[in-house]
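First comes the structure, then the notes that go with it.
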Amino acid sequence: MSNPYTGLVTSALRKSQLLSTSHYDSPLHRLALEEGALLQLWKAYRAFLAELSQQLQLGFEAESLQVIGDSLQSQGRASSEVRELQLLLSEPESWLSAMLCAWKQLLQLSLAEEVQGQENLIPTQNIAGPRPVTLSLEVLLEWHASLSELVRRQRTNLEEC
């Protein structure tokens, strides 16, 4: 049975790689490449969760790993692939935690840019939250390699089952 999400994962990973290895002419151009590569990594991760949901025959497109885990638990099932992802997310220093933290930071900055210019707003900063992730094309390539390897390994594992 063909999985409709497999191509989406592969495409987003390839786009991320292309953006991360592109040449840039200015700091703004580099920032745009970094943000674009991060977007594609996030899309690849989300598509991989949907691919995993399909492989596990959950009957829906999961929007988070938590939803997949909860669904499996409610059915009395377990998955080593889901467990591996859960362990990565539980470790704050893991590449996956850092990538998703960077994605959240990017969204917060985007929201802050929208709010900027509105009057009578008090700026706030969450000093207790996770430390900010500094994007670089090198870090994005490391995340790309890690996500690609995870996807390859888990696909192989699922095919053997």
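Chain labels run A, B, ... following the order of the structure tokens; each chain numbers its residues from 1, and ligands are numbered from 1 in the order shown.
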
Checklist entry - Within 10 Å of range 14-16 of chain A, counting only C-alpha atoms, which residues qualify if same-chain residues fewer than 4 places away don't, as number ranges by chain? => result A: 8-10, 20-21, 33-44, 140-141, 143-144, 148

Checklist entry - Which residues, written as a count of residues only, have at least one atom at most 10 Å from range 96-102 of chain A, with only C-alpha atoms counted and residues fewer than 6 positions away on the same chain left out? => result 24
